[in-house]
Structure formats: structure tokens, C-alpha cells
$ cat upload.pdb   # PDB, C-alpha atoms
ATOM      1  CA  MET A   1     120.761  14.210 194.827
ATOM      2  CA  ILE A   2     117.328  15.794 195.314
ATOM      3  CA  LEU A   3     117.834  17.860 192.166
ATOM      4  CA  PHE A   4     118.730  14.701 190.202
ATOM      5  CA  ILE A   5     115.561  12.892 191.419
ATOM      6  CA  VAL A   6     113.378  15.860 190.511
ATOM      7  CA  ILE A   7     114.993  16.040 187.070
ATOM      8  CA  GLN A   8     114.374  12.338 186.521
ATOM      9  CA  HIS A   9     110.700  12.874 187.497
ATOM     10  CA  PHE A  10     110.520  15.755 185.026
ATOM     11  CA  ALA A  11     112.049  13.655 182.213
ATOM     12  CA  THR A  12     109.520  10.888 182.815
ATOM     13  CA  SER A  13     106.700  13.461 182.763
ATOM     14  CA  VAL A  14     107.891  14.770 179.399
ATOM     15  CA  CYS A  15     107.857  11.237 177.971
ATOM     16  CA  LEU A  16     104.382  10.688 179.351
ATOM     17  CA  ARG A  17     103.378  14.019 177.914
ATOM     18  CA  MET A  18     104.533  12.994 174.443
ATOM     19  CA  SER A  19     102.768   9.643 174.512
ATOM     20  CA  THR A  20      99.624  11.237 175.968
ATOM     21  CA  LEU A  21      99.483  13.873 173.231
ATOM     22  CA  ASN A  22      99.938  11.189 170.588
ATOM     23  CA  ALA A  23      96.969   9.283 172.026
ATOM     24  CA  VAL A  24      94.748  12.349 172.247
ATOM     25  CA  HIS A  25      95.473  13.395 168.659
ATOM     26  CA  CYS A  26      94.554   9.923 167.402
ATOM     27  CA  GLY A  27      90.883  10.735 167.995
ATOM     28  CA  VAL A  28      88.602   9.691 165.136
ATOM     29  CA  ARG A  29      85.354  11.560 164.572
ATOM     30  CA  HIS A  30      82.234   9.675 163.571
ATOM     31  CA  SER A  31      78.928  11.203 162.491
ATOM     32  CA  VAL A  32      75.987   9.761 164.389
ATOM     33  CA  SER A  33      72.774  11.603 163.504
ATOM     34  CA  GLY A  34      74.610  14.887 163.425
ATOM     35  CA  HIS A  35      76.464  14.354 166.717
ATOM     36  CA  ARG A  36      80.183  13.774 167.206
ATOM     37  CA  ARG A  37      81.942  11.208 169.289
ATOM     38  CA  TYR A  38      85.637  10.501 169.721
ATOM     39  CA  THR A  39      87.384   7.167 169.950
ATOM     40  CA  TYR A  40      90.835   7.149 171.511
ATOM     41  CA  ILE A  41      93.582   4.601 171.078
ATOM     42  CA  SER A  42      94.338   4.623 174.810
ATOM     43  CA  ASP A  43      92.177   5.554 177.771
ATOM     44  CA  VAL A  44      93.672   8.964 178.514
ATOM     45  CA  THR A  45      91.962  11.714 180.474
ATOM     46  CA  ARG A  46      91.607  14.762 178.251
ATOM     47  CA  LEU A  47      93.247  17.950 179.426
ATOM     48  CA  SER A  48      91.350  21.116 180.072
ATOM     49  CA  PRO A  49      91.934  24.117 177.722
ATOM     50  CA  GLY A  50      95.339  25.691 178.296
ATOM     51  CA  GLU A  51      96.564  22.735 180.366
ATOM     52  CA  ASP A  52      98.901  19.911 179.432
ATOM     53  CA  VAL A  53     100.959  17.206 181.087
ATOM     54  CA  PHE A  54     103.946  19.569 181.037
ATOM     55  CA  SER A  55     102.242  22.141 183.260
ATOM     56  CA  ARG A  56     100.880  19.406 185.539
ATOM     57  CA  SER A  57     104.402  18.039 186.104
ATOM     58  CA  LEU A  58     105.588  21.449 187.349
ATOM     59  CA  LYS A  59     102.785  21.956 189.884
ATOM     60  CA  PRO A  60     104.836  20.598 192.839
ATOM     61  CA  LEU A  61     107.547  23.178 192.040
ATOM     62  CA  LYS A  62     105.348  26.274 192.134
ATOM     63  CA  SER A  63     106.059  26.921 195.823
ATOM     64  CA  ARG A  64     109.657  27.865 194.943
ATOM     65  CA  SER A  65     110.759  31.428 194.295
ATOM     66  CA  PRO A  66     110.563  32.596 190.654
ATOM     67  CA  GLU A  67     114.351  32.789 190.273
ATOM     68  CA  SER A  68     114.903  29.384 191.858
ATOM     69  CA  HIS A  69     112.123  27.939 189.739
ATOM     70  CA  ARG A  70     113.703  29.391 186.551
ATOM     71  CA  ARG A  71     117.143  27.955 187.328
ATOM     72  CA  LEU A  72     115.670  24.554 188.110
ATOM     73  CA  VAL A  73     113.625  24.458 184.908
ATOM     74  CA  THR A  74     116.694  25.450 182.858
ATOM     75  CA  ALA A  75     118.706  22.665 184.448
ATOM     76  CA  MET A  76     115.893  20.194 183.830
ATOM     77  CA  GLU A  77     115.619  21.109 180.149
ATOM     78  CA  LYS A  78     119.374  20.671 179.635
ATOM     79  CA  PHE A  79     119.230  17.315 181.367
ATOM     80  CA  VAL A  80     116.156  16.102 179.509
ATOM     81  CA  ASN A  81     117.658  16.979 176.117
ATOM     82  CA  LYS A  82     120.402  14.425 176.837
ATOM     83  CA  LEU A  83     118.003  11.662 177.936
ATOM     84  CA  PRO A  84     116.150   9.253 175.649
ATOM     85  CA  CYS A  85     112.499   8.585 176.483
ATOM     86  CA  THR A  86     112.288   5.011 177.712
ATOM     87  CA  ASN A  87     108.825   4.524 176.167
ATOM     88  CA  ASN A  88     110.215   5.181 172.678
ATOM     89  CA  ALA A  89     113.820   4.016 172.914
ATOM     90  CA  ARG A  90     113.582   2.005 169.704
ATOM     91  CA  ARG A  91     112.983   4.929 167.403
ATOM     92  CA  PRO A  92     114.308   8.503 167.118
ATOM     93  CA  GLN A  93     112.327  11.150 168.891
ATOM     94  CA  LYS A  94     110.480  13.945 167.139
ATOM     95  CA  ARG A  95     109.909  17.293 168.694
ATOM     96  CA  ILE A  96     106.252  17.960 169.417
ATOM     97  CA  LYS A  97     105.064  21.495 169.046
ATOM     98  CA  LEU A  98     101.939  22.222 171.029
ATOM     99  CA  GLU A  99      99.259  24.259 169.364
ATOM    100  CA  SER A 100      98.360  27.544 170.949
ATOM    101  CA  ASP A 101      95.073  27.902 172.783
ATOM    102  CA  GLU A 102      93.760  30.077 169.951
ATOM    103  CA  ARG A 103      94.506  27.456 167.300
ATOM    104  CA  MET A 104      92.960  24.716 169.438
ATOM    105  CA  LYS A 105      89.839  26.803 169.899
ATOM    106  CA  GLN A 106      89.691  27.584 166.161
ATOM    107  CA  ARG A 107      89.926  23.887 165.316
ATOM    108  CA  GLU A 108      87.114  23.055 167.756
ATOM    109  CA  ASP A 109      84.978  25.832 166.243
ATOM    110  CA  ASP A 110      85.597  24.445 162.750
ATOM    111  CA  GLU A 111      84.506  20.995 163.901
ATOM    112  CA  GLU A 112      81.352  22.471 165.414
ATOM    113  CA  ASP A 113      80.584  24.222 162.111
ATOM    114  CA  GLU A 114      81.037  21.002 160.152
ATOM    115  CA  PHE A 115      78.221  19.337 162.085
ATOM    116  CA  SER A 116      76.227  22.398 163.085
ATOM    117  CA  HIS A 117      72.768  20.851 162.940
ATOM    118  CA  PRO A 118      72.479  18.165 165.633
ATOM    119  CA  VAL A 119      68.807  17.220 166.003
ATOM    120  CA  PRO A 120      66.843  14.902 168.306
ATOM    121  CA  TRP A 121      65.549  11.913 166.357
ATOM    122  CA  GLN A 122      62.386   9.874 166.661
ATOM    123  CA  LYS A 123      62.748   6.264 165.503
ATOM    124  CA  ILE A 124      59.871   4.771 163.499
ATOM    125  CA  GLU A 125      60.020   1.003 163.072
ATOM    126  CA  SER A 126      57.854  -1.905 162.077
ATOM    127  CA  GLU A 127      58.402  -5.124 160.156
ATOM    128  CA  GLY A 128      60.776  -4.082 157.344
ATOM    129  CA  LEU A 129      60.136  -0.399 158.122
ATOM    130  CA  ASP A 130      63.057   1.736 159.282
ATOM    131  CA  CYS A 131      62.609   5.524 159.397
ATOM    132  CA  ASP A 132      63.975   8.465 161.375
ATOM    133  CA  TYR A 133      62.050  11.684 161.937
ATOM    134  CA  ALA A 134      63.136  15.053 163.322
ATOM    135  CA  LEU A 135      62.528  18.785 163.091
ATOM    136  CA  LEU A 136      65.378  19.996 160.905
ATOM    137  CA  LEU A 137      64.574  23.718 160.651
ATOM    138  CA  SER A 138      63.187  26.305 163.044
ATOM    139  CA  LYS A 139      59.893  27.940 162.074
ATOM    140  CA  GLU A 140      61.726  31.091 160.971
ATOM    141  CA  GLU A 141      64.162  29.110 158.813
ATOM    142  CA  ALA A 142      61.382  26.969 157.344
ATOM    143  CA  ASP A 143      59.263  30.048 156.546
ATOM    144  CA  HIS A 144      62.192  31.647 154.754
ATOM    145  CA  MET A 145      63.049  28.491 152.791
ATOM    146  CA  PHE A 146      59.421  28.067 151.715
ATOM    147  CA  LYS A 147      59.244  31.670 150.488
ATOM    148  CA  GLN A 148      62.507  31.301 148.534
ATOM    149  CA  LEU A 149      61.391  28.056 146.888
ATOM    150  CA  GLU A 150      58.120  29.653 145.799
ATOM    151  CA  GLU A 151      60.205  32.192 143.882
ATOM    152  CA  GLU A 152      62.914  29.886 142.505
ATOM    153  CA  VAL A 153      61.415  26.510 141.539
ATOM    154  CA  VAL A 154      60.063  26.072 138.002
ATOM    155  CA  TYR A 155      57.558  23.216 137.782
ATOM    156  CA  SER A 156      56.934  20.857 134.886
ATOM    157  CA  THR A 157      54.095  21.497 132.445
ATOM    158  CA  GLY A 158      52.515  19.712 129.501
ATOM    159  CA  GLU A 159      53.581  16.112 128.917
ATOM    160  CA  GLU A 160      56.167  16.371 131.682
ATOM    161  CA  ALA A 161      53.333  16.910 134.150
ATOM    162  CA  LYS A 162      51.899  13.437 133.446
ATOM    163  CA  VAL A 163      52.711   9.899 134.596
ATOM    164  CA  ARG A 164      51.933   6.440 133.297
ATOM    165  CA  VAL A 165      50.127   4.098 135.703
ATOM    166  CA  PHE A 166      49.155   0.561 134.610
ATOM    167  CA  GLY A 167      49.575   1.583 130.979
ATOM    168  CA  LYS A 168      47.403   4.689 131.241
ATOM    169  CA  VAL A 169      48.612   8.302 131.215
ATOM    170  CA  HIS A 170      47.353  10.519 134.045
ATOM    171  CA  SER A 171      47.884  14.144 135.013
ATOM    172  CA  ILE A 172      49.885  14.452 138.215
ATOM    173  CA  PRO A 173      47.615  15.702 141.048
ATOM    174  CA  ARG A 174      50.306  18.154 142.220
ATOM    175  CA  GLN A 175      53.133  20.219 140.736
ATOM    176  CA  GLN A 176      56.512  18.572 140.193
ATOM    177  CA  ALA A 177      60.105  19.545 139.381
ATOM    178  CA  THR A 178      63.491  17.794 139.297
ATOM    179  CA  TYR A 179      66.864  19.323 140.189
ATOM    180  CA  GLY A 180      70.337  17.891 140.622
ATOM    181  CA  ASP A 181      73.874  17.521 139.324
ATOM    182  CA  ALA A 182      74.547  18.247 135.660
ATOM    183  CA  GLY A 183      73.384  15.561 133.240
ATOM    184  CA  LEU A 184      71.474  13.449 135.752
ATOM    185  CA  THR A 185      68.176  11.849 134.754
ATOM    186  CA  TYR A 186      65.675   9.958 136.875
ATOM    187  CA  THR A 187      63.045   7.525 135.585
ATOM    188  CA  TYR A 188      59.894   6.789 137.559
ATOM    189  CA  SER A 189      56.297   5.950 136.649
ATOM    190  CA  GLY A 190      57.409   5.362 133.076
ATOM    191  CA  VAL A 191      58.736   8.903 132.602
ATOM    192  CA  THR A 192      62.387   9.992 132.415
ATOM    193  CA  ARG A 193      63.149  13.462 133.740
ATOM    194  CA  LEU A 194      66.306  15.544 133.318
ATOM    195  CA  ALA A 195      67.610  17.354 136.384
ATOM    196  CA  CYS A 196      67.671  21.146 136.244
ATOM    197  CA  PRO A 197      70.705  22.875 137.833
ATOM    198  CA  TRP A 198      70.491  23.335 141.612
ATOM    199  CA  THR A 199      68.933  26.579 142.786
ATOM    200  CA  GLN A 200      70.631  28.424 145.629
ATOM    201  CA  THR A 201      67.940  27.475 148.151
ATOM    202  CA  LEU A 202      67.757  23.805 147.134
ATOM    203  CA  GLU A 203      71.535  23.592 147.358
ATOM    204  CA  HIS A 204      71.459  25.165 150.816
ATOM    205  CA  ILE A 205      68.817  22.764 152.150
ATOM    206  CA  ARG A 206      70.687  19.815 150.615
ATOM    207  CA  ASP A 207      73.855  20.871 152.436
ATOM    208  CA  VAL A 208      71.980  21.250 155.733
ATOM    209  CA  VAL A 209      70.656  17.701 155.374
ATOM    210  CA  THR A 210      74.141  16.422 154.525
ATOM    211  CA  LYS A 211      75.643  18.099 157.590
ATOM    212  CA  THR A 212      72.908  16.616 159.749
ATOM    213  CA  ILE A 213      73.046  12.980 158.651
ATOM    214  CA  GLY A 214      76.442  12.606 156.968
ATOM    215  CA  GLN A 215      75.037  11.476 153.595
ATOM    216  CA  THR A 216      75.511  13.193 150.228
ATOM    217  CA  PHE A 217      72.839  13.638 147.552
ATOM    218  CA  ASN A 218      72.960  14.479 143.846
ATOM    219  CA  PHE A 219      69.244  14.750 143.000
ATOM    220  CA  VAL A 220      66.015  16.112 144.458
ATOM    221  CA  LEU A 221      62.379  15.635 143.441
ATOM    222  CA  VAL A 222      60.215  18.638 144.327
ATOM    223  CA  ASN A 223      56.457  18.154 144.868
ATOM    224  CA  ARG A 224      54.162  21.115 145.492
ATOM    225  CA  TYR A 225      50.644  20.579 146.828
ATOM    226  CA  LYS A 226      48.501  23.689 146.411
ATOM    227  CA  ASP A 227      46.039  22.511 149.097
ATOM    228  CA  GLY A 228      44.568  19.353 150.630
ATOM    229  CA  GLN A 229      43.043  18.283 147.320
ATOM    230  CA  ASP A 230      46.473  17.700 145.800
ATOM    231  CA  HIS A 231      47.790  14.308 146.804
ATOM    232  CA  MET A 232      50.141  11.416 146.051
ATOM    233  CA  GLY A 233      49.012   7.806 145.594
ATOM    234  CA  GLU A 234      50.592   4.707 147.097
ATOM    235  CA  HIS A 235      53.983   3.863 145.619
ATOM    236  CA  ARG A 236      57.503   2.761 146.482
ATOM    237  CA  ASP A 237      60.721   4.612 145.647
ATOM    238  CA  ASP A 238      62.526   1.468 144.536
ATOM    239  CA  GLU A 239      64.006   2.485 141.177
ATOM    240  CA  LYS A 240      67.141   0.550 140.305
ATOM    241  CA  GLU A 241      69.330   3.628 139.846
ATOM    242  CA  LEU A 242      68.866   4.727 143.495
ATOM    243  CA  ASP A 243      71.715   3.933 145.885
ATOM    244  CA  PRO A 244      70.287   1.275 148.256
ATOM    245  CA  LEU A 245      72.768   2.272 150.984
ATOM    246  CA  CYS A 246      71.602   5.898 151.031
ATOM    247  CA  PRO A 247      68.319   6.891 152.704
ATOM    248  CA  ILE A 248      65.772   9.021 150.906
ATOM    249  CA  ALA A 249      65.667  12.302 152.820
ATOM    250  CA  SER A 250      62.262  13.999 152.756
ATOM    251  CA  VAL A 251      62.067  17.656 153.847
ATOM    252  CA  SER A 252      58.577  19.129 154.356
ATOM    253  CA  LEU A 253      57.727  22.832 154.208
ATOM    254  CA  GLY A 254      54.326  24.477 154.533
ATOM    255  CA  ALA A 255      51.065  22.866 155.609
ATOM    256  CA  ALA A 256      51.406  19.748 157.776
ATOM    257  CA  ARG A 257      50.085  16.675 155.969
ATOM    258  CA  ASP A 258      49.386  13.043 156.850
ATOM    259  CA  PHE A 259      51.861  10.533 155.450
ATOM    260  CA  ILE A 260      50.866   6.865 155.458
ATOM    261  CA  PHE A 261      52.978   3.708 155.123
ATOM    262  CA  ARG A 262      51.259   0.453 154.137
ATOM    263  CA  HIS A 263      52.973  -2.935 153.977
ATOM    264  CA  ARG A 264      52.981  -4.585 150.555
ATOM    265  CA  ASP A 265      51.306  -7.720 151.963
ATOM    266  CA  ALA A 266      48.499  -5.733 153.616
ATOM    267  CA  ARG A 267      47.210  -3.716 150.654
ATOM    268  CA  GLY A 268      43.773  -4.003 149.108
ATOM    269  CA  LYS A 269      40.867  -6.353 149.756
ATOM    270  CA  ARG A 270      42.922  -9.448 148.999
ATOM    271  CA  SER A 271      45.704  -8.656 151.428
ATOM    272  CA  ARG A 272      47.569 -11.723 152.620
ATOM    273  CA  ARG A 273      48.441 -10.454 156.085
ATOM    274  CA  GLN A 274      47.037  -8.239 158.804
ATOM    275  CA  ILE A 275      49.666  -5.515 159.298
ATOM    276  CA  ASP A 276      48.557  -2.133 160.572
ATOM    277  CA  PRO A 277      49.508   0.918 158.479
ATOM    278  CA  VAL A 278      51.862   3.496 159.973
ATOM    279  CA  LYS A 279      50.592   7.074 159.942
ATOM    280  CA  LEU A 280      52.720  10.189 160.448
ATOM    281  CA  GLU A 281      52.061  13.911 160.303
ATOM    282  CA  LEU A 282      54.929  15.645 158.527
ATOM    283  CA  ALA A 283      55.366  19.064 160.114
ATOM    284  CA  HIS A 284      56.675  22.333 158.692
ATOM    285  CA  GLY A 285      60.501  22.159 158.660
ATOM    286  CA  SER A 286      60.671  18.412 159.350
ATOM    287  CA  LEU A 287      63.012  15.756 157.961
ATOM    288  CA  LEU A 288      61.982  12.129 157.390
ATOM    289  CA  LEU A 289      64.629   9.539 156.505
ATOM    290  CA  MET A 290      63.412   6.408 154.741
ATOM    291  CA  ASN A 291      66.196   3.917 155.340
ATOM    292  CA  SER A 292      66.691   0.584 153.638
ATOM    293  CA  PRO A 293      64.758  -1.750 153.379
ATOM    294  CA  THR A 294      61.673   0.486 153.859
ATOM    295  CA  ASN A 295      60.964   0.965 150.155
ATOM    296  CA  THR A 296      61.223  -2.754 149.502
ATOM    297  CA  PHE A 297      58.365  -3.729 151.818
ATOM    298  CA  TRP A 298      56.309  -0.579 152.381
ATOM    299  CA  TYR A 299      54.292   1.706 150.087
ATOM    300  CA  HIS A 300      53.784   5.323 151.114
ATOM    301  CA  SER A 301      51.212   7.949 150.179
ATOM    302  CA  LEU A 302      49.998  11.453 150.921
ATOM    303  CA  PRO A 303      46.157  11.202 150.918
ATOM    304  CA  VAL A 304      43.587  13.901 150.195
ATOM    305  CA  ARG A 305      42.730  16.125 153.159
ATOM    306  CA  LYS A 306      39.897  18.448 152.111
ATOM    307  CA  LYS A 307      40.091  20.644 155.197
ATOM    308  CA  ILE A 308      43.613  21.800 154.387
ATOM    309  CA  SER A 309      43.679  25.041 152.388
ATOM    310  CA  LEU A 310      47.381  25.959 152.568
ATOM    311  CA  PRO A 311      50.169  24.828 150.200
ATOM    312  CA  ARG A 312      52.964  22.394 150.985
ATOM    313  CA  ILE A 313      56.349  21.797 149.336
ATOM    314  CA  ASN A 314      58.140  18.484 149.766
ATOM    315  CA  LEU A 315      61.758  17.821 148.804
ATOM    316  CA  THR A 316      62.963  14.221 148.506
ATOM    317  CA  PHE A 317      66.737  14.135 148.234
ATOM    318  CA  ARG A 318      68.204  11.032 146.606
ATOM    319  CA  ARG A 319      71.543   9.643 145.491
ATOM    320  CA  ILE A 320      71.541   8.279 141.953
ATOM    321  CA  LEU A 321      74.214   5.767 140.933
ATOM    322  CA  LEU A 322      75.504   6.533 137.455
ATOM    323  CA  ASP A 323      76.782   3.006 136.801
ATOM    324  CA  ARG A 324      73.280   1.590 137.301
ATOM    325  CA  LYS A 325      71.839   3.782 134.566
ATOM    326  CA  LYS A 326      73.889   2.143 131.831
TER     327      LYS A 326
END
$ encode --input "upload.pdb" --output "C-alpha cells"
Amino acid sequence: MILFIVIQHFATSVCLRMSTLNAVHCGVRHSVSGHRRYTYISDVTRLSPGEDVFSRSLKPLKSRSPESHRRLVTAMEKFVNKLPCTNNARRPQKRIKLESDERMKQREDDEEDEFSHPVPWQKIESEGLDCDYALLLSKEEADHMFKQLEEEVVYSTGEEAKVRVFGKVHSIPRQQATYGDAGLTYTYSGVTRLACPWTQTLEHIRDVVTKTIGQTFNFVLVNRYKDGQDHMGEHRDDEKELDPLCPIASVSLGAARDFIFRHRDARGKRSRRQIDPVKLELAHGSLLLMNSPTNTFWYHSLPVRKKISLPRINLTFRRILLDRKK
């Protein structure tokens, strides 16, 4: 009689084990600023590595002798094979094969690699302004990336190094280049530019950004400022071919520079409203995300800073929608 009760307890534990494993493996991973979280269908306590409900159910039996324990387990298994699980009586049972500890560990390592750049974020908000800022790369990584880009990037010259502003053509007060997927073009300031094929370093940085924020990009605009005299005037990145659901990801390398946001209703002497500008200093190896609707309401610029003598490279990764270019 005691053996029968113990076997019944074991059978129930196996059923619980099967339903518990099903719940645990229904975890869904979400990317939240490079971090992972899991959502489970049922509120089940996760098991420690190498442990499962099966081993927990046998803990009360471990005081028995090894031979007695073996005979009892054999009897239990024969009995359980003849019993249906009451929790799933309506459908045929499937055998569940547990993964080995090594495979479980390998899967966890693969998940860690997929989101290997979790970073602490600083939120920057104002009326219609939504940005996120973080240090993406260590100093050593940023130094290496900067050096590689100096060797790889080919900047525009001649007519391609000019823009049209209010009907007038001006030389760009910095160096510029465009890279991206094959055949992509990007039109801004009245000039259409064809994307050059990705360089190895640009592709690497793009992938690091993607792993960090969970967004994909098919185009990057490269701006190189030789010193503090090179600058960028106030403008908005609001071209129609840009995906409005994808942030513009701005990676800064080299000299730290001031970056200023100004609301569209607070520009110039005839501004309609009193809204303070938002000023940031973009550090070496940093990532700034300009989320929607920032570029609808706010202009941004990189002003002249005469005291700065070192160069800076800025990469703004974007996602261009092909159907909007037709």
C-alpha cells in the first residue's frame, strides 16, 4: 500500500514536471534597450541549472539504500508508463526529452551573444522631444573604430560636397560620405546621394547598434569635422523616405562636441514661444537615439567651437523605406 501511494505521488510529479517544462519553454524574449526579459504563460518558479521537477520528486527517497532506491524507481517507471496524466487526459501524451546541461548552457550563451551590448540609458525629454543617450563603446573600442574609419571612408568632393539652402548652393562646412545597402539613394538639402557599399568597420558599428537597440538600418550618413571650425547648421532629419517608426541612431567618435536642439516655435527673433533649447555634449563612443516625433518639432545643430582642435566623426544610421521613394 505504501509503495502504491509513493508511485501515485511520483506519477503526479511527472505530470507536473511535463506541464512545468511546457510553461518554462513558452518564454518570449523582448528587447528593451539591449536587455532581455522573459514572460511566462504561468507563474512557475524556474529551476536551477541541472535541476528539474523529476529530481525534486525523488528527494524524499534519497535516504533509501541504492539498491532499494533502484528497484523502487524501476517499479515507478513501469507503473507511470501505464498511467495517463490527469492534466492532459484529453489529448495523447508526447515524450519530453530534457536537454543536457551543456546544451542548456550553450543556448543561454547564444542568447547572451545576441544581445551582448546592454548599456545604461539616459532619457532626454521635452515637449515633443524624445531622445536616449548612452556610451556605446569603451574608449579602446572607440579609438580603434575611429582609426579604422579614417582609413576606410572616402568622402565626397566637387559638386557632391555642396548643398542647396534657400535656393543658394553652399560648400558643406565638413566632410561627408554616404554608405548603405546596394542601390539606395538619399535626398536631403536638395541633393540626392547614392550609397556606397558598406565598409567592414561601418558594418560592424551598425551591427553593434542593432544588437543594442533591436532596430535595423540600411543607410548611414558620415560627417567628419576636422576641428571646431567645422560645423552643422540647424536642420531637421524629416525626409519623407525615412521610416518614422525607426529612430535615427547617431554614433560619435573623436572630439566631444556640443549638440543643440531648438524647438521650431522658438527659433529666431520672431519666435512664437519661449521654449529653452536643449544642449548635450556628445562624447567619444556615445550613441544618441532621436526617436519620433523629435525631428518633427525640434531642429538640431553642431555649432562652431573654436577651442577644439581635434577631429570628430559622426555616423547617423537611418532606415530608408523603398516604397516611399517611388
$ closest_residue --input "upload.pdb" --among "A:Val209, A:Val163, A:Val304, A:Ala195" --to "Val222 (chain A)" --atoms "all atoms listed in the file"
A:Ala195
$ atom_distance --input "upload.pdb" --atom1 "CA of Asp238 (chain A)" --atom2 "CA of Leu302 (chain A)"
17.2 Å
$ atom_distance --input "upload.pdb" --atom1 "CA of Ile248 (chain A)" --atom2 "CA of Gln215 (chain A)"
10.0 Å
$ closest_atom_pairs --input "upload.pdb" --of "region 177-273 of chain A" --to "region 281-292 of chain A" --cutoff "10 Å" --atoms "all atoms listed in the file" --output "tab-separated table"
residue	atom	partner	partner_atom	distance
A:Val209	CA	A:Leu287	CA	8.3
A:Ile213	CA	A:Leu289	CA	9.3
A:Asp237	CA	A:Met290	CA	9.7
A:Asp243	CA	A:Ser292	CA	9.8
A:Pro244	CA	A:Ser292	CA	6.5
A:Leu245	CA	A:Ser292	CA	6.8
A:Cys246	CA	A:Asn291	CA	7.2
A:Pro247	CA	A:Asn291	CA	4.5
A:Ile248	CA	A:Met290	CA	5.2
A:Ala249	CA	A:Leu289	CA	4.7
A:Ser250	CA	A:Leu288	CA	5.0
A:Val251	CA	A:Leu287	CA	4.6
A:Ser252	CA	A:Ser286	CA	5.5
A:Leu253	CA	A:His284	CA	4.6
A:Gly254	CA	A:His284	CA	5.2
A:Ala255	CA	A:His284	CA	6.4
A:Ala256	CA	A:Ala283	CA	4.6
A:Arg257	CA	A:Glu281	CA	5.5
A:Asp258	CA	A:Glu281	CA	4.5
A:Phe259	CA	A:Glu281	CA	5.9
A:Ile260	CA	A:Glu281	CA	8.6
$ atom_distance --input "upload.pdb" --atom1 "CA of Val154 (chain A)" --atom2 "CA of Gly233 (chain A)"
22.7 Å
$ closest_residue --input "upload.pdb" --among "A:Thr187, A:Asn223, A:Gln175, A:Thr157" --to "Leu315 (chain A)" --atoms "all atoms listed in the file"
A:Asn223
$ resolve_selection --input "upload.pdb" --expression "the PyMOL selection byres ((chain A and resi 122) around 8)" --output "PyMOL selection string"
chain A and resi 120-121+123-124+132-134
$ closest_residue --input "upload.pdb" --among "A:Cys131, A:Ser156, A:Ile205, A:Phe217" --to "Leu280 (chain A)" --atoms "all atoms listed in the file"
A:Cys131
$ resolve_selection --input "upload.pdb" --expression "the PyMOL selection byres ((chain A and resi 150) around 12)" --output "PyMOL selection string"
chain A and resi 143-149+151-155+175+199+201-202+222-226+253-254+311-314
$ closest_residue --input "upload.pdb" --among "A:Thr178, A:Val278, A:Arg193, A:Thr296" --to "His235 (chain A)" --atoms "only C-alpha atoms"
A:Thr296
$ closest_residue --input "upload.pdb" --among "A:Leu137, A:Gly268, A:Thr216, A:Gly228" --to "Ser309 (chain A)" --atoms "all atoms listed in the file"
A:Gly228
$ residues_around --input "upload.pdb" --residues "Tyr186 (chain A)" --least-positions-apart "5" --cutoff "9 Å" --atoms "only C-alpha atoms" --output "list in words"
Thr178, Val191, Thr192, Arg193, Leu194, Ala195, Phe219, Glu239, Glu241 and Ile320 of chain A
$ closest_residue --input "upload.pdb" --among "A:Pro197, A:Lys306, A:Arg236, A:Gly190" --to "Pro293 (chain A)" --atoms "only C-alpha atoms"
A:Arg236
$ axis_aligned_box --input "upload.pdb" --around "region 197-202 of chain A" --padding-each-side "4 Å" --output "JSON"
{"center_x": 69.2, "center_y": 25.6, "center_z": 143.0, "size_x": 10.9, "size_y": 13.5, "size_z": 18.3}
$ residues_around --input "upload.pdb" --residues "Glu234 (chain A)" --least-positions-apart "5" --cutoff "9 Å" --atoms "all atoms listed in the file" --output "compact mmCIF listing (two decimals) with C-alpha atoms, in the coordinates of the input"
# COMPACT_ATOMS: atom_id res chain seq x y z
CA ILE A 260 50.87 6.86 155.46
CA PHE A 261 52.98 3.71 155.12
CA ARG A 262 51.26 0.45 154.14
CA TYR A 299 54.29 1.71 150.09
CA HIS A 300 53.78 5.32 151.11
CA SER A 301 51.21 7.95 150.18
CA LEU A 302 50.00 11.45 150.92
CA PRO A 303 46.16 11.20 150.92
$ residues_around --input "upload.pdb" --residues "Thr294 (chain A)" --least-positions-apart "3" --cutoff "6 Å" --atoms "only C-alpha atoms" --output "number ranges by chain"
A: 128-130, 291, 297-298
